[in-house]
file data.cif (mmCIF, C-alpha atoms)
data_coords
loop_
_atom_site.group_PDB
_atom_site.id
_atom_site.type_symbol
_atom_site.label_atom_id
_atom_site.label_comp_id
_atom_site.auth_asym_id
_atom_site.auth_seq_id
_atom_site.Cartn_x
_atom_site.Cartn_y
_atom_site.Cartn_z
ATOM 1 C CA THR A 29 112.411 67.483 72.401
ATOM 2 C CA CYS A 30 109.448 65.672 70.867
ATOM 3 C CA ASN A 31 106.773 68.172 69.854
ATOM 4 C CA LEU A 32 104.040 65.616 70.524
ATOM 5 C CA CYS A 33 104.833 64.485 74.062
ATOM 6 C CA GLY A 34 107.701 66.710 75.238
ATOM 7 C CA LEU A 35 109.258 63.821 77.168
ATOM 8 C CA GLU A 36 112.328 62.813 75.154
ATOM 9 C CA GLU A 37 114.384 63.818 72.172
ATOM 10 C CA GLU A 38 112.537 62.858 69.012
ATOM 11 C CA ASP A 39 114.572 60.226 67.226
ATOM 12 C CA VAL A 40 113.665 57.071 65.331
ATOM 13 C CA ARG A 41 113.509 54.932 68.463
ATOM 14 C CA HIS A 42 111.298 57.469 70.248
ATOM 15 C CA MET A 43 108.926 57.854 67.307
ATOM 16 C CA LEU A 44 108.607 54.155 66.478
ATOM 17 C CA LEU A 45 108.605 52.676 69.976
ATOM 18 C CA ARG A 46 108.312 55.137 72.856
ATOM 19 C CA CYS A 47 106.290 58.298 72.203
ATOM 20 C CA PRO A 48 103.144 58.015 74.339
ATOM 21 C CA SER A 49 101.267 60.300 71.948
ATOM 22 C CA LEU A 50 101.654 57.657 69.229
ATOM 23 C CA SER A 51 100.815 54.636 71.393
ATOM 24 C CA SER A 52 97.445 53.893 69.781
ATOM 25 C CA THR A 53 98.842 54.204 66.256
ATOM 26 C CA ARG A 54 101.888 52.149 67.232
ATOM 27 C CA GLN A 55 99.830 49.316 68.762
ATOM 28 C CA LYS A 56 97.768 48.976 65.581
ATOM 29 C CA ALA A 57 100.842 49.188 63.361
ATOM 30 C CA LEU A 58 102.897 46.647 65.308
ATOM 31 C CA ARG A 59 100.134 44.047 65.620
ATOM 32 C CA PRO A 60 100.743 42.564 62.110
ATOM 33 C CA VAL A 61 104.512 42.506 62.716
ATOM 34 C CA LEU A 62 104.137 40.547 65.939
ATOM 35 C CA LYS A 63 101.594 38.240 64.316
ATOM 36 C CA ARG A 64 103.977 37.557 61.424
ATOM 37 C CA LEU A 65 106.813 36.806 63.841
ATOM 38 C CA MET A 66 104.612 34.226 65.574
ATOM 39 C CA GLU A 67 103.611 32.682 62.230
ATOM 40 C CA LEU A 68 107.298 32.305 61.401
ATOM 41 C CA GLY A 69 107.949 30.680 64.776
ATOM 42 C CA ASP A 70 110.035 33.557 66.097
ATOM 43 C CA SER A 71 109.717 35.071 69.530
ATOM 44 C CA PRO A 72 108.917 38.767 69.926
ATOM 45 C CA PRO A 73 111.903 41.126 70.101
ATOM 46 C CA ASN A 74 113.461 41.363 73.566
ATOM 47 C CA ASP A 75 114.254 45.061 73.486
ATOM 48 C CA ASP A 76 113.993 48.272 71.480
ATOM 49 C CA GLU A 77 117.123 47.503 69.456
ATOM 50 C CA GLU A 78 115.764 44.158 68.258
ATOM 51 C CA MET A 79 112.397 45.709 67.404
ATOM 52 C CA ILE A 80 114.077 48.481 65.406
ATOM 53 C CA GLN A 81 116.015 45.813 63.482
ATOM 54 C CA VAL A 82 112.785 43.967 62.698
ATOM 55 C CA LEU A 83 110.967 47.142 61.637
ATOM 56 C CA LEU A 84 113.803 48.334 59.411
ATOM 57 C CA GLY A 85 114.278 44.924 57.807
ATOM 58 C CA PHE A 86 117.663 44.132 59.350
ATOM 59 C CA THR A 87 116.760 40.510 59.989
ATOM 60 C CA SER A 88 117.803 37.310 58.300
ATOM 61 C CA ASP A 89 114.204 36.666 57.250
ATOM 62 C CA GLY A 90 113.121 38.952 54.430
ATOM 63 C CA ARG A 91 109.495 37.894 54.897
ATOM 64 C CA LEU A 92 109.232 40.405 57.721
ATOM 65 C CA TYR A 93 110.367 43.312 55.574
ATOM 66 C CA ARG A 94 106.933 44.295 54.238
ATOM 67 C CA CYS A 95 105.286 44.097 57.670
ATOM 68 C CA GLY A 96 108.031 46.223 59.188
ATOM 69 C CA ALA A 97 107.937 48.750 56.366
ATOM 70 C CA ASN A 98 104.155 49.057 56.651
ATOM 71 C CA ALA A 99 104.398 49.584 60.407
ATOM 72 C CA CYS A 100 107.064 52.297 59.986
ATOM 73 C CA TYR A 101 104.939 54.013 57.351
ATOM 74 C CA THR A 102 101.787 53.903 59.495
ATOM 75 C CA ILE A 103 103.550 55.275 62.576
ATOM 76 C CA THR A 104 105.260 57.993 60.539
ATOM 77 C CA GLN A 105 101.961 59.015 58.944
ATOM 78 C CA GLY A 106 100.343 59.166 62.391
ATOM 79 C CA ARG A 107 103.207 61.336 63.630
ATOM 80 C CA ASN A 108 102.941 63.657 60.636
ATOM 81 C CA ALA A 109 99.186 64.017 61.064
ATOM 82 C CA MET A 110 99.590 64.826 64.753
ATOM 83 C CA HIS A 111 102.380 67.305 63.983
ATOM 84 C CA SER A 112 100.067 69.045 61.515
ATOM 85 C CA GLN A 113 97.385 69.346 64.202
ATOM 86 C CA VAL A 114 99.863 70.701 66.745
ATOM 87 C CA SER A 115 101.199 73.225 64.214
ATOM 88 C CA SER A 116 97.750 74.473 63.247
ATOM 89 C CA ASP A 117 96.555 74.933 66.838
#

call {"tool": "encode", "arguments": {"input": "data.cif", "output": "structure tokens"}}
result
Amino acid sequence: TCNLCGLEEEDVRHMLLRCPSLSSTRQKALRPVLKRLMELGDSPPNDDEEMIQVLLGFTSDGRLYRCGANACYTITQGRNAMHSQVSSD
């Protein structure tokens, strides 16, 4: 179970897209990805699976790779910082 929210198993999908404890960090991190998709004329992902593919660079357009990688890094750093706070409390 996720140590931050306790709602679901902590896996990649939960951390990157679902954990309510990371919602603020996630919104900030995903904003550039969604903006870049619009600039490229693409529509936003329809579901979690498509968003994971975008974030991990599994798309035909390599121009999204850096945005996705930055978003993953930012969300992961937010998670790690929150885990450190939970562990020290």

call {"tool": "closest_residue", "arguments": {"input": "data.cif", "among": "A:Asn98, A:Lys63, A:Asn31, A:Asp70", "to": "Gly85 (chain A)", "atoms": "all atoms listed in the file"}}
result
A:Asn98

call {"tool": "closest_residue", "arguments": {"input": "data.cif", "among": "A:Cys33, A:Glu38, A:Leu68, A:Thr53", "to": "Gln105 (chain A)", "atoms": "all atoms listed in the file"}}
result
A:Thr53

call {"tool": "resolve_selection", "arguments": {"input": "data.cif", "expression": "the PyMOL selection byres ((chain A and resi 34) around 12)", "output": "number ranges by chain"}}
result
A: 29-33, 35-38, 42-43, 46-49

call {"tool": "closest_residue", "arguments": {"input": "data.cif", "among": "A:Ser71, A:Gly96, A:Gly106, A:Glu77", "to": "Arg59 (chain A)", "atoms": "all atoms listed in the file"}}
result
A:Gly96

call {"tool": "residues_around", "arguments": {"input": "data.cif", "residues": "Leu45 (chain A)", "least_positions_apart": "5", "cutoff": "9 Å", "atoms": "all atoms listed in the file", "output": "list in words"}}
result
Val40, Leu50, Ser51, Arg54, Asp76, Met79 and Ile80 of chain A

call {"tool": "build_atoms", "arguments": {"input": "data.cif", "residues": "region 90-101 of chain A", "atoms": "all heavy atoms", "output": "PDB file, in the frame of the given file"}}
result
ATOM      1  N   GLY A  90     113.687  37.873  55.233  1.00  0.00           N
ATOM      2  CA  GLY A  90     113.121  38.952  54.430  1.00  0.00           C
ATOM      3  C   GLY A  90     111.610  38.986  54.415  1.00  0.00           C
ATOM      4  O   GLY A  90     111.017  39.980  53.996  1.00  0.00           O
ATOM      5  N   ARG A  91     110.964  37.919  54.901  1.00  0.00           N
ATOM      6  CA  ARG A  91     109.495  37.894  54.897  1.00  0.00           C
ATOM      7  C   ARG A  91     108.892  38.892  55.876  1.00  0.00           C
ATOM      8  O   ARG A  91     107.716  39.200  55.811  1.00  0.00           O
ATOM      9  CB  ARG A  91     108.997  36.486  55.207  1.00  0.00           C
ATOM     10  CG  ARG A  91     109.385  35.480  54.121  1.00  0.00           C
ATOM     11  CD  ARG A  91     109.004  34.091  54.489  1.00  0.00           C
ATOM     12  NE  ARG A  91     109.877  33.630  55.572  1.00  0.00           N
ATOM     13  CZ  ARG A  91     109.801  32.409  56.106  1.00  0.00           C
ATOM     14  NH1 ARG A  91     108.901  31.558  55.684  1.00  0.00           N
ATOM     15  NH2 ARG A  91     110.617  32.059  57.071  1.00  0.00           N
ATOM     16  N   LEU A  92     109.719  39.398  56.768  1.00  0.00           N
ATOM     17  CA  LEU A  92     109.232  40.405  57.721  1.00  0.00           C
ATOM     18  C   LEU A  92     109.324  41.814  57.155  1.00  0.00           C
ATOM     19  O   LEU A  92     108.737  42.744  57.695  1.00  0.00           O
ATOM     20  CB  LEU A  92     110.059  40.349  59.007  1.00  0.00           C
ATOM     21  CG  LEU A  92     109.787  39.186  59.926  1.00  0.00           C
ATOM     22  CD1 LEU A  92     110.823  39.147  61.027  1.00  0.00           C
ATOM     23  CD2 LEU A  92     108.398  39.297  60.507  1.00  0.00           C
ATOM     24  N   TYR A  93     110.070  41.972  56.077  1.00  0.00           N
ATOM     25  CA  TYR A  93     110.367  43.312  55.574  1.00  0.00           C
ATOM     26  C   TYR A  93     109.103  44.128  55.299  1.00  0.00           C
ATOM     27  O   TYR A  93     108.986  45.261  55.734  1.00  0.00           O
ATOM     28  CB  TYR A  93     111.228  43.236  54.313  1.00  0.00           C
ATOM     29  CG  TYR A  93     111.522  44.595  53.749  1.00  0.00           C
ATOM     30  CD1 TYR A  93     112.473  45.416  54.349  1.00  0.00           C
ATOM     31  CD2 TYR A  93     110.824  45.078  52.647  1.00  0.00           C
ATOM     32  CE1 TYR A  93     112.728  46.680  53.865  1.00  0.00           C
ATOM     33  CE2 TYR A  93     111.083  46.352  52.163  1.00  0.00           C
ATOM     34  CZ  TYR A  93     112.029  47.134  52.775  1.00  0.00           C
ATOM     35  OH  TYR A  93     112.276  48.386  52.295  1.00  0.00           O
ATOM     36  N   ARG A  94     108.149  43.552  54.592  1.00  0.00           N
ATOM     37  CA  ARG A  94     106.933  44.295  54.238  1.00  0.00           C
ATOM     38  C   ARG A  94     106.127  44.681  55.472  1.00  0.00           C
ATOM     39  O   ARG A  94     105.652  45.810  55.585  1.00  0.00           O
ATOM     40  CB  ARG A  94     106.067  43.495  53.275  1.00  0.00           C
ATOM     41  CG  ARG A  94     104.800  44.266  52.892  1.00  0.00           C
ATOM     42  CD  ARG A  94     104.154  43.723  51.702  1.00  0.00           C
ATOM     43  NE  ARG A  94     105.061  43.994  50.591  1.00  0.00           N
ATOM     44  CZ  ARG A  94     104.819  43.680  49.348  1.00  0.00           C
ATOM     45  NH1 ARG A  94     103.708  43.076  49.034  1.00  0.00           N
ATOM     46  NH2 ARG A  94     105.670  43.954  48.399  1.00  0.00           N
ATOM     47  N   CYS A  95     106.008  43.772  56.428  1.00  0.00           N
ATOM     48  CA  CYS A  95     105.286  44.097  57.670  1.00  0.00           C
ATOM     49  C   CYS A  95     105.975  45.241  58.403  1.00  0.00           C
ATOM     50  O   CYS A  95     105.324  46.163  58.878  1.00  0.00           O
ATOM     51  CB  CYS A  95     105.229  42.881  58.594  1.00  0.00           C
ATOM     52  SG  CYS A  95     104.044  41.637  58.116  1.00  0.00           S
ATOM     53  N   GLY A  96     107.283  45.175  58.509  1.00  0.00           N
ATOM     54  CA  GLY A  96     108.031  46.223  59.188  1.00  0.00           C
ATOM     55  C   GLY A  96     107.923  47.556  58.475  1.00  0.00           C
ATOM     56  O   GLY A  96     107.725  48.599  59.100  1.00  0.00           O
ATOM     57  N   ALA A  97     108.035  47.519  57.150  1.00  0.00           N
ATOM     58  CA  ALA A  97     107.937  48.750  56.366  1.00  0.00           C
ATOM     59  C   ALA A  97     106.551  49.373  56.503  1.00  0.00           C
ATOM     60  O   ALA A  97     106.423  50.592  56.651  1.00  0.00           O
ATOM     61  CB  ALA A  97     108.251  48.466  54.895  1.00  0.00           C
ATOM     62  N   ASN A  98     105.522  48.543  56.480  1.00  0.00           N
ATOM     63  CA  ASN A  98     104.155  49.057  56.651  1.00  0.00           C
ATOM     64  C   ASN A  98     103.965  49.679  58.027  1.00  0.00           C
ATOM     65  O   ASN A  98     103.323  50.729  58.159  1.00  0.00           O
ATOM     66  CB  ASN A  98     103.130  47.944  56.433  1.00  0.00           C
ATOM     67  CG  ASN A  98     102.981  47.562  54.982  1.00  0.00           C
ATOM     68  OD1 ASN A  98     103.361  48.314  54.079  1.00  0.00           O
ATOM     69  ND2 ASN A  98     102.465  46.381  54.741  1.00  0.00           N
ATOM     70  N   ALA A  99     104.517  49.042  59.054  1.00  0.00           N
ATOM     71  CA  ALA A  99     104.398  49.584  60.407  1.00  0.00           C
ATOM     72  C   ALA A  99     105.110  50.929  60.508  1.00  0.00           C
ATOM     73  O   ALA A  99     104.556  51.892  61.059  1.00  0.00           O
ATOM     74  CB  ALA A  99     104.973  48.595  61.422  1.00  0.00           C
ATOM     75  N   CYS A 100     106.323  51.022  59.969  1.00  0.00           N
ATOM     76  CA  CYS A 100     107.064  52.297  59.986  1.00  0.00           C
ATOM     77  C   CYS A 100     106.279  53.384  59.272  1.00  0.00           C
ATOM     78  O   CYS A 100     106.175  54.514  59.758  1.00  0.00           O
ATOM     79  CB  CYS A 100     108.438  52.134  59.336  1.00  0.00           C
ATOM     80  SG  CYS A 100     109.596  51.171  60.310  1.00  0.00           S
ATOM     81  N   TYR A 101     105.712  53.042  58.126  1.00  0.00           N
ATOM     82  CA  TYR A 101     104.939  54.013  57.351  1.00  0.00           C
ATOM     83  C   TYR A 101     103.721  54.488  58.147  1.00  0.00           C
ATOM     84  O   TYR A 101     103.462  55.697  58.232  1.00  0.00           O
ATOM     85  CB  TYR A 101     104.501  53.399  56.024  1.00  0.00           C
ATOM     86  CG  TYR A 101     103.645  54.314  55.196  1.00  0.00           C
ATOM     87  CD1 TYR A 101     104.222  55.338  54.451  1.00  0.00           C
ATOM     88  CD2 TYR A 101     102.269  54.169  55.168  1.00  0.00           C
ATOM     89  CE1 TYR A 101     103.444  56.197  53.702  1.00  0.00           C
ATOM     90  CE2 TYR A 101     101.482  55.022  54.416  1.00  0.00           C
ATOM     91  CZ  TYR A 101     102.069  56.033  53.690  1.00  0.00           C
ATOM     92  OH  TYR A 101     101.287  56.879  52.944  1.00  0.00           O
TER      93      TYR A 101
END
